[in-house]
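Asks: The structure file query36.txt (compact mmCIF, C-alpha atoms) is provided below.
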```
# COMPACT_ATOMS: atom_id res chain seq x y z
CA MET Q 1 32.89 -96.39 -76.38
CA SER Q 2 33.79 -98.52 -73.33
CA ALA Q 3 37.49 -98.31 -74.23
CA LEU Q 4 37.23 -94.52 -74.56
CA ILE Q 5 35.60 -94.19 -71.13
CA GLY Q 6 38.25 -96.52 -69.70
CA TYR Q 7 41.01 -94.27 -71.10
CA ALA Q 8 39.24 -91.16 -69.79
CA ALA Q 9 39.06 -92.75 -66.31
CA ALA Q 10 42.78 -93.61 -66.47
CA VAL Q 11 43.57 -90.02 -67.50
CA CYS Q 12 41.56 -88.76 -64.51
CA VAL Q 13 43.55 -91.05 -62.17
CA ALA Q 14 46.81 -89.66 -63.60
CA ALA Q 15 45.41 -86.11 -63.32
CA GLY Q 16 44.64 -86.78 -59.64
CA LEU Q 17 48.22 -87.86 -59.02
CA LEU Q 18 49.61 -84.81 -60.84
CA ALA Q 19 47.26 -82.30 -59.19
CA GLY Q 20 47.88 -83.82 -55.75
CA LEU Q 21 51.61 -83.59 -56.32
CA VAL Q 22 51.35 -79.94 -57.43
CA VAL Q 23 49.32 -79.04 -54.35
CA LEU Q 24 51.70 -80.96 -52.09
CA VAL Q 25 54.75 -79.19 -53.53
CA VAL Q 26 53.19 -75.71 -53.64
CA ALA Q 27 51.09 -75.63 -50.47
CA ARG Q 28 53.04 -78.25 -48.48
CA ASP Q 29 49.74 -79.54 -47.12
CA GLY Q 30 49.28 -83.31 -47.33
CA ARG Q 31 45.60 -83.23 -46.37
CA LEU Q 32 44.69 -80.75 -49.07
CA ALA Q 33 46.78 -82.64 -51.62
CA LEU Q 34 44.98 -85.87 -50.74
CA ARG Q 35 41.57 -84.19 -50.99
CA VAL Q 36 42.45 -82.74 -54.41
CA ALA Q 37 43.67 -86.13 -55.64
CA LEU Q 38 40.57 -87.84 -54.27
CA ASP Q 39 38.32 -85.32 -56.07
CA LEU Q 40 39.86 -86.29 -59.41
CA TRP Q 41 39.85 -90.00 -58.55
CA LEU Q 42 36.13 -89.60 -57.78
CA ALA Q 43 35.72 -88.29 -61.34
CA ALA Q 44 37.48 -91.47 -62.54
CA GLY Q 45 35.10 -93.60 -60.46
CA LEU Q 46 32.09 -91.79 -61.90
CA LEU Q 47 33.37 -92.37 -65.43
CA ARG Q 48 33.82 -96.08 -64.65
CA LEU Q 49 30.18 -96.19 -63.54
CA ALA Q 50 29.24 -95.09 -67.07
CA LEU Q 51 30.65 -98.34 -68.46
CA PRO Q 52 28.14 -101.12 -69.11
CA PRO Q 53 27.46 -102.34 -65.59
CA SER Q 54 28.74 -105.70 -64.44
CA TRP Q 55 28.68 -106.63 -60.76
CA ASP Q 56 32.49 -106.73 -60.52
CA GLN Q 57 32.93 -103.27 -62.04
CA LEU Q 58 30.02 -101.93 -60.02
CA LEU Q 59 31.48 -103.22 -56.74
CA SER Q 60 34.98 -101.91 -57.50
CA ALA Q 61 33.63 -98.47 -58.51
CA ALA Q 62 31.41 -98.37 -55.41
CA ALA Q 63 34.36 -99.38 -53.20
CA ILE Q 64 36.59 -96.63 -54.65
CA ILE Q 65 33.85 -94.06 -54.20
CA ALA Q 66 33.10 -95.24 -50.63
CA VAL Q 67 36.78 -95.06 -49.66
CA ARG Q 68 37.00 -91.59 -51.20
CA GLN Q 69 33.95 -90.41 -49.24
CA LEU Q 70 35.20 -91.92 -45.96
CA VAL Q 71 38.64 -90.35 -46.30
CA GLY Q 72 37.01 -87.05 -47.30
CA LEU Q 73 34.77 -87.12 -44.23
CA GLY Q 74 37.73 -88.04 -42.05
CA LEU Q 75 39.70 -85.06 -43.29
CA GLY Q 76 36.80 -82.71 -42.60
CA PRO Q 77 35.50 -79.83 -44.71
CA SER Q 78 38.37 -77.66 -45.93
CA ARG Q 79 40.19 -78.02 -42.68
CA ALA Q 80 43.36 -77.34 -44.54
CA ALA Q 81 42.04 -74.12 -46.02
CA SER Q 82 40.72 -72.90 -42.66
CA THR Q 83 44.13 -73.20 -41.05
CA GLY Q 84 45.06 -70.05 -42.90
CA GLU Q 85 47.63 -68.98 -45.43
CA LYS Q 86 50.82 -70.88 -45.81
CA MET L 87 1.56 -98.94 -87.10
CA ASP L 88 3.10 -101.71 -85.01
CA ASP L 89 6.33 -101.34 -87.03
CA VAL L 90 6.54 -97.66 -86.18
CA LEU L 91 5.56 -97.90 -82.53
CA GLY L 92 6.72 -101.44 -81.88
CA GLU L 93 8.56 -102.51 -78.75
CA GLU L 94 11.80 -103.02 -80.66
CA TRP L 95 11.68 -99.56 -82.19
CA LEU L 96 10.99 -98.05 -78.76
CA SER L 97 13.85 -100.03 -77.28
CA HIS L 98 16.27 -98.78 -79.96
CA SER L 99 15.15 -95.16 -79.56
CA VAL L 100 15.47 -95.22 -75.78
CA ASP L 101 18.83 -96.97 -76.06
CA LEU L 102 20.08 -94.21 -78.35
CA LEU L 103 18.82 -91.53 -75.97
CA VAL L 104 20.45 -93.31 -73.03
CA ARG L 105 23.78 -93.40 -74.86
CA LEU L 106 23.51 -89.72 -75.76
CA VAL L 107 22.69 -88.58 -72.23
CA GLU L 108 25.28 -90.91 -70.67
CA THR L 109 27.96 -89.64 -73.09
CA ALA L 110 27.05 -86.05 -72.23
CA GLY L 111 27.41 -86.85 -68.52
CA ALA L 112 30.77 -88.57 -69.01
CA LEU L 113 31.98 -85.68 -71.20
CA ILE L 114 31.01 -83.12 -68.56
CA ILE L 115 32.85 -85.07 -65.85
CA PHE L 116 35.96 -85.49 -68.02
CA VAL L 117 36.02 -81.84 -69.16
CA GLY L 118 35.52 -80.73 -65.54
CA ALA L 119 38.38 -82.93 -64.35
CA MET L 120 40.75 -81.67 -67.06
CA THR L 121 39.76 -78.03 -66.47
CA ALA L 122 40.37 -78.52 -62.75
CA LEU L 123 43.78 -80.09 -63.42
CA VAL L 124 44.85 -77.12 -65.54
CA ARG L 125 43.54 -74.67 -62.94
CA PHE L 126 45.28 -76.54 -60.10
CA VAL L 127 48.59 -76.25 -61.96
CA VAL L 128 48.03 -72.59 -62.91
CA VAL L 129 46.94 -71.62 -59.38
CA GLY L 130 49.85 -73.61 -57.95
CA LEU L 131 52.37 -71.75 -60.09
CA ARG L 132 50.77 -68.31 -59.91
CA ASP L 133 49.10 -68.04 -56.51
CA ARG L 134 50.97 -70.12 -53.92
CA ARG L 135 48.32 -70.03 -51.20
CA THR L 136 46.36 -72.95 -49.75
CA ARG L 137 43.15 -70.94 -49.90
CA ALA L 138 43.49 -70.36 -53.66
CA PHE L 139 42.78 -74.04 -54.34
CA VAL L 140 39.31 -73.95 -52.72
CA PRO L 141 37.50 -72.24 -55.68
CA VAL L 142 39.07 -74.78 -58.05
CA ARG L 143 37.77 -77.68 -55.94
CA LEU L 144 34.39 -75.94 -55.83
CA GLY L 145 34.34 -75.71 -59.64
CA LEU L 146 35.29 -79.38 -59.99
CA GLY L 147 32.53 -80.35 -57.55
CA ARG L 148 30.00 -78.46 -59.65
CA PHE L 149 31.11 -80.23 -62.83
CA LEU L 150 30.91 -83.62 -61.09
CA ALA L 151 27.43 -82.85 -59.72
CA LEU L 152 26.23 -81.78 -63.19
CA GLY L 153 27.68 -84.91 -64.80
CA LEU L 154 25.99 -87.02 -62.13
CA GLU L 155 22.64 -85.38 -62.90
CA PHE L 156 23.03 -86.39 -66.55
CA GLN L 157 23.98 -89.94 -65.58
CA LEU L 158 20.97 -90.15 -63.28
CA ALA L 159 18.78 -88.95 -66.16
CA SER L 160 20.16 -91.79 -68.29
CA ASP L 161 19.38 -94.26 -65.48
CA ILE L 162 15.80 -93.04 -65.40
CA LEU L 163 15.57 -93.41 -69.20
CA ARG L 164 17.02 -96.91 -68.98
CA THR L 165 14.24 -98.07 -66.66
CA ALA L 166 11.97 -97.89 -69.72
CA ILE L 167 13.91 -100.70 -71.41
CA ALA L 168 15.16 -102.93 -68.59
CA PRO L 169 13.37 -106.21 -69.23
CA THR L 170 15.11 -108.63 -66.86
CA LEU L 171 15.20 -108.55 -63.08
CA ARG L 172 19.01 -108.71 -63.16
CA GLU L 173 19.25 -105.61 -65.34
CA ILE L 174 16.83 -103.77 -63.09
CA ALA L 175 18.88 -104.75 -60.02
CA GLU L 176 22.10 -103.47 -61.65
CA LEU L 177 20.34 -100.30 -62.66
CA ALA L 178 19.04 -99.80 -59.12
CA ALA L 179 22.54 -100.28 -57.68
CA VAL L 180 24.08 -97.73 -60.08
CA ALA L 181 21.25 -95.26 -59.49
CA ALA L 182 21.58 -95.67 -55.70
CA ILE L 183 25.34 -95.01 -55.84
CA ARG L 184 24.86 -91.97 -58.05
CA THR L 185 22.03 -90.55 -55.92
CA ALA L 186 24.05 -90.95 -52.71
CA LEU L 187 27.08 -89.36 -54.37
CA ASN L 188 25.00 -86.48 -55.64
CA PHE L 189 23.80 -85.86 -52.07
CA PHE L 190 27.32 -85.93 -50.61
CA LEU L 191 28.69 -83.75 -53.41
CA ALA L 192 25.95 -81.15 -52.93
CA ARG L 193 26.68 -81.09 -49.19
CA GLU L 194 30.41 -80.74 -49.79
CA ILE L 195 29.88 -77.90 -52.29
CA ARG L 196 27.66 -76.11 -49.72
CA GLN L 197 30.32 -76.47 -47.02
CA GLU L 198 33.15 -75.33 -49.31
CA ARG L 199 31.13 -72.33 -50.47
CA ALA L 200 30.36 -71.30 -46.88
CA GLU L 201 34.04 -71.73 -46.01
CA LEU L 202 35.05 -69.59 -48.98
CA ALA L 203 32.52 -66.86 -48.11
CA ARG L 204 33.73 -66.87 -44.49
CA SER L 205 37.37 -66.62 -45.49
CA GLU L 206 36.63 -63.75 -47.87
CA GLY L 207 34.69 -61.95 -45.15
CA ARG L 208 31.43 -61.82 -47.03
CA ALA L 209 28.27 -63.89 -47.02
CA THR L 210 27.06 -63.80 -50.60
CA PRO L 211 24.89 -66.85 -51.22
CA ASP L 212 25.01 -68.62 -54.54
CA PRO L 213 22.14 -67.46 -56.83
CA VAL L 214 21.19 -71.12 -57.27
CA ASP L 215 20.28 -71.35 -53.59
CA GLU L 216 18.12 -68.21 -53.67
CA PRO L 217 14.40 -68.96 -53.45
CA ALA L 218 12.53 -68.04 -56.64
CA GLY L 219 11.01 -64.57 -56.68
CA ARG L 220 13.04 -63.32 -53.77
CA PRO L 221 14.44 -59.84 -54.42
CA SER L 222 18.24 -59.75 -54.44
```
Just give me the structure of the file as structure tokens.

Replies:
Amino acid sequence: MSALIGYAAAVCVAAGLLAGLVVLVVARDGRLALRVALDLWLAAGLLRLALPPSWDQLLSAAAIIAVRQLVGLGLGPSRAASTGEK
Amino acid sequence: MDDVLGEEWLSHSVDLLVRLVETAGALIIFVGAMTALVRFVVVGLRDRRTRAFVPVRLGLGRFLALGLEFQLASDILRTAIAPTLREIAELAAVAAIRTALNFFLAREIRQERAELARSEGRATPDPVDEPAGRPS
């Protein structure tokens, strides 16, 4: 079960990279691409939290999630979308 | 009677329930992430506008919030069978992270929804936010 969740988290990380790349290529908006990638990396962090908790894993998952939240707050709510059509 | 309602039996039952609920939460998060990935690619190829990605992010946020609710439910269940102080501390840390994330996600979804409504020129609130019994 732990291995399965680990794979699922890795798939989510790869999905974040792919989705971010798609958004970057299509919309040519780095901020939006980063936000999209961070959303999917957050999903990976949440999946890692479902693993049997050890302090190391807990701290690394919490750090990833905290970084994601800080960057998200720094980018602001949908600032990219509010700038209008590209 | 002790065999049926013994501490060990209770521990096994709760452990099974915890695994079930936790798996459901993880499954929801994974399915949401994969659905969002497919939609990001489809929207990117079909509708090449920045604004078109906002509903997809909104959908992903909803999936993540739902998965978090399930995981929080499993944390609550686990408190029934956390015998050592160390386990309780780990449980409290995980629950605190999940609760904080749930709060931030809910706030982000609210902001994105308002942004979407503004950009579409209408102010239709989500039915979930409507107070019960209020006529629509």

Asks: Using all atoms listed in the file, find all polymer residues with an atom at most 10 Å away from the point (26.6, -83.3, -63.8); report them as a PyMOL selection string.

Replies: chain L and resi 110-115+118+147-159+188

Asks: The selected residues should be written to file as an mmCIF file, in the coordinates of the input (atoms: C-alpha atoms).

Replies:
```
data_model
loop_
_atom_site.group_PDB
_atom_site.id
_atom_site.type_symbol
_atom_site.label_atom_id
_atom_site.label_comp_id
_atom_site.auth_asym_id
_atom_site.auth_seq_id
_atom_site.Cartn_x
_atom_site.Cartn_y
_atom_site.Cartn_z
ATOM 1 C CA ALA L 110 27.050 -86.050 -72.230
ATOM 2 C CA GLY L 111 27.410 -86.850 -68.520
ATOM 3 C CA ALA L 112 30.770 -88.570 -69.010
ATOM 4 C CA LEU L 113 31.980 -85.680 -71.200
ATOM 5 C CA ILE L 114 31.010 -83.120 -68.560
ATOM 6 C CA ILE L 115 32.850 -85.070 -65.850
ATOM 7 C CA GLY L 118 35.520 -80.730 -65.540
ATOM 8 C CA GLY L 147 32.530 -80.350 -57.550
ATOM 9 C CA ARG L 148 30.000 -78.460 -59.650
ATOM 10 C CA PHE L 149 31.110 -80.230 -62.830
ATOM 11 C CA LEU L 150 30.910 -83.620 -61.090
ATOM 12 C CA ALA L 151 27.430 -82.850 -59.720
ATOM 13 C CA LEU L 152 26.230 -81.780 -63.190
ATOM 14 C CA GLY L 153 27.680 -84.910 -64.800
ATOM 15 C CA LEU L 154 25.990 -87.020 -62.130
ATOM 16 C CA GLU L 155 22.640 -85.380 -62.900
ATOM 17 C CA PHE L 156 23.030 -86.390 -66.550
ATOM 18 C CA GLN L 157 23.980 -89.940 -65.580
ATOM 19 C CA LEU L 158 20.970 -90.150 -63.280
ATOM 20 C CA ALA L 159 18.780 -88.950 -66.160
ATOM 21 C CA ASN L 188 25.000 -86.480 -55.640
#
```

Asks: For chain Q, which residue out of L:His98, L:Arg134, L:Arg125, L:Arg105 is the nearest one, using all atoms listed in the file?

Replies: L:Arg134

Asks: Using only C-alpha atoms for the distances, tell me which of Q:Leu58, Q:Gly16, Q:Leu4, Q:Gly45 is nearest to Leu177 (chain L).

Replies: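 Of Q:Leu58, Q:Gly16, Q:Leu4, Q:Gly45, the one nearest Leu177 (chain L) is Q:Leu58, counting only C-alpha atoms.
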
Asks: Find the distance between CA of Ala44 (chain Q) and CA of Val107 (chain L) and write it in Å to one decimal.

Replies: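 Distance reported for this atom pair: 17.9 Å.
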
Asks: Using only C-alpha atoms, I'd like every residue of chain L that has an atom within 6 Å of chain Q; please write them out as a PDB file with C-alpha atoms, keeping the file's coordinate frame.

Replies:
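The resulting file, iface-v9.pdb, is shown below:
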```pdb
ATOM      1  CA  ALA L 112      30.770 -88.570 -69.010  1.00  0.00           C
ATOM      2  CA  LEU L 123      43.780 -80.090 -63.420  1.00  0.00           C
ATOM      3  CA  GLY L 130      49.850 -73.610 -57.950  1.00  0.00           C
ATOM      4  CA  ARG L 135      48.320 -70.030 -51.200  1.00  0.00           C
ATOM      5  CA  THR L 136      46.360 -72.950 -49.750  1.00  0.00           C
ATOM      6  CA  ARG L 137      43.150 -70.940 -49.900  1.00  0.00           C
TER       7      ARG L 137
END
```

Asks: Report, in Å with one decimal, the straight-line distance from CA of Ile167 (chain L) to CA of Val100 (chain L).

Replies: 7.2 Å

Asks: Would you mind reading off the distance between CA of Arg193 (chain L) and CA of Val127 (chain L), one decimal, in Å?

Replies: 25.8 Å
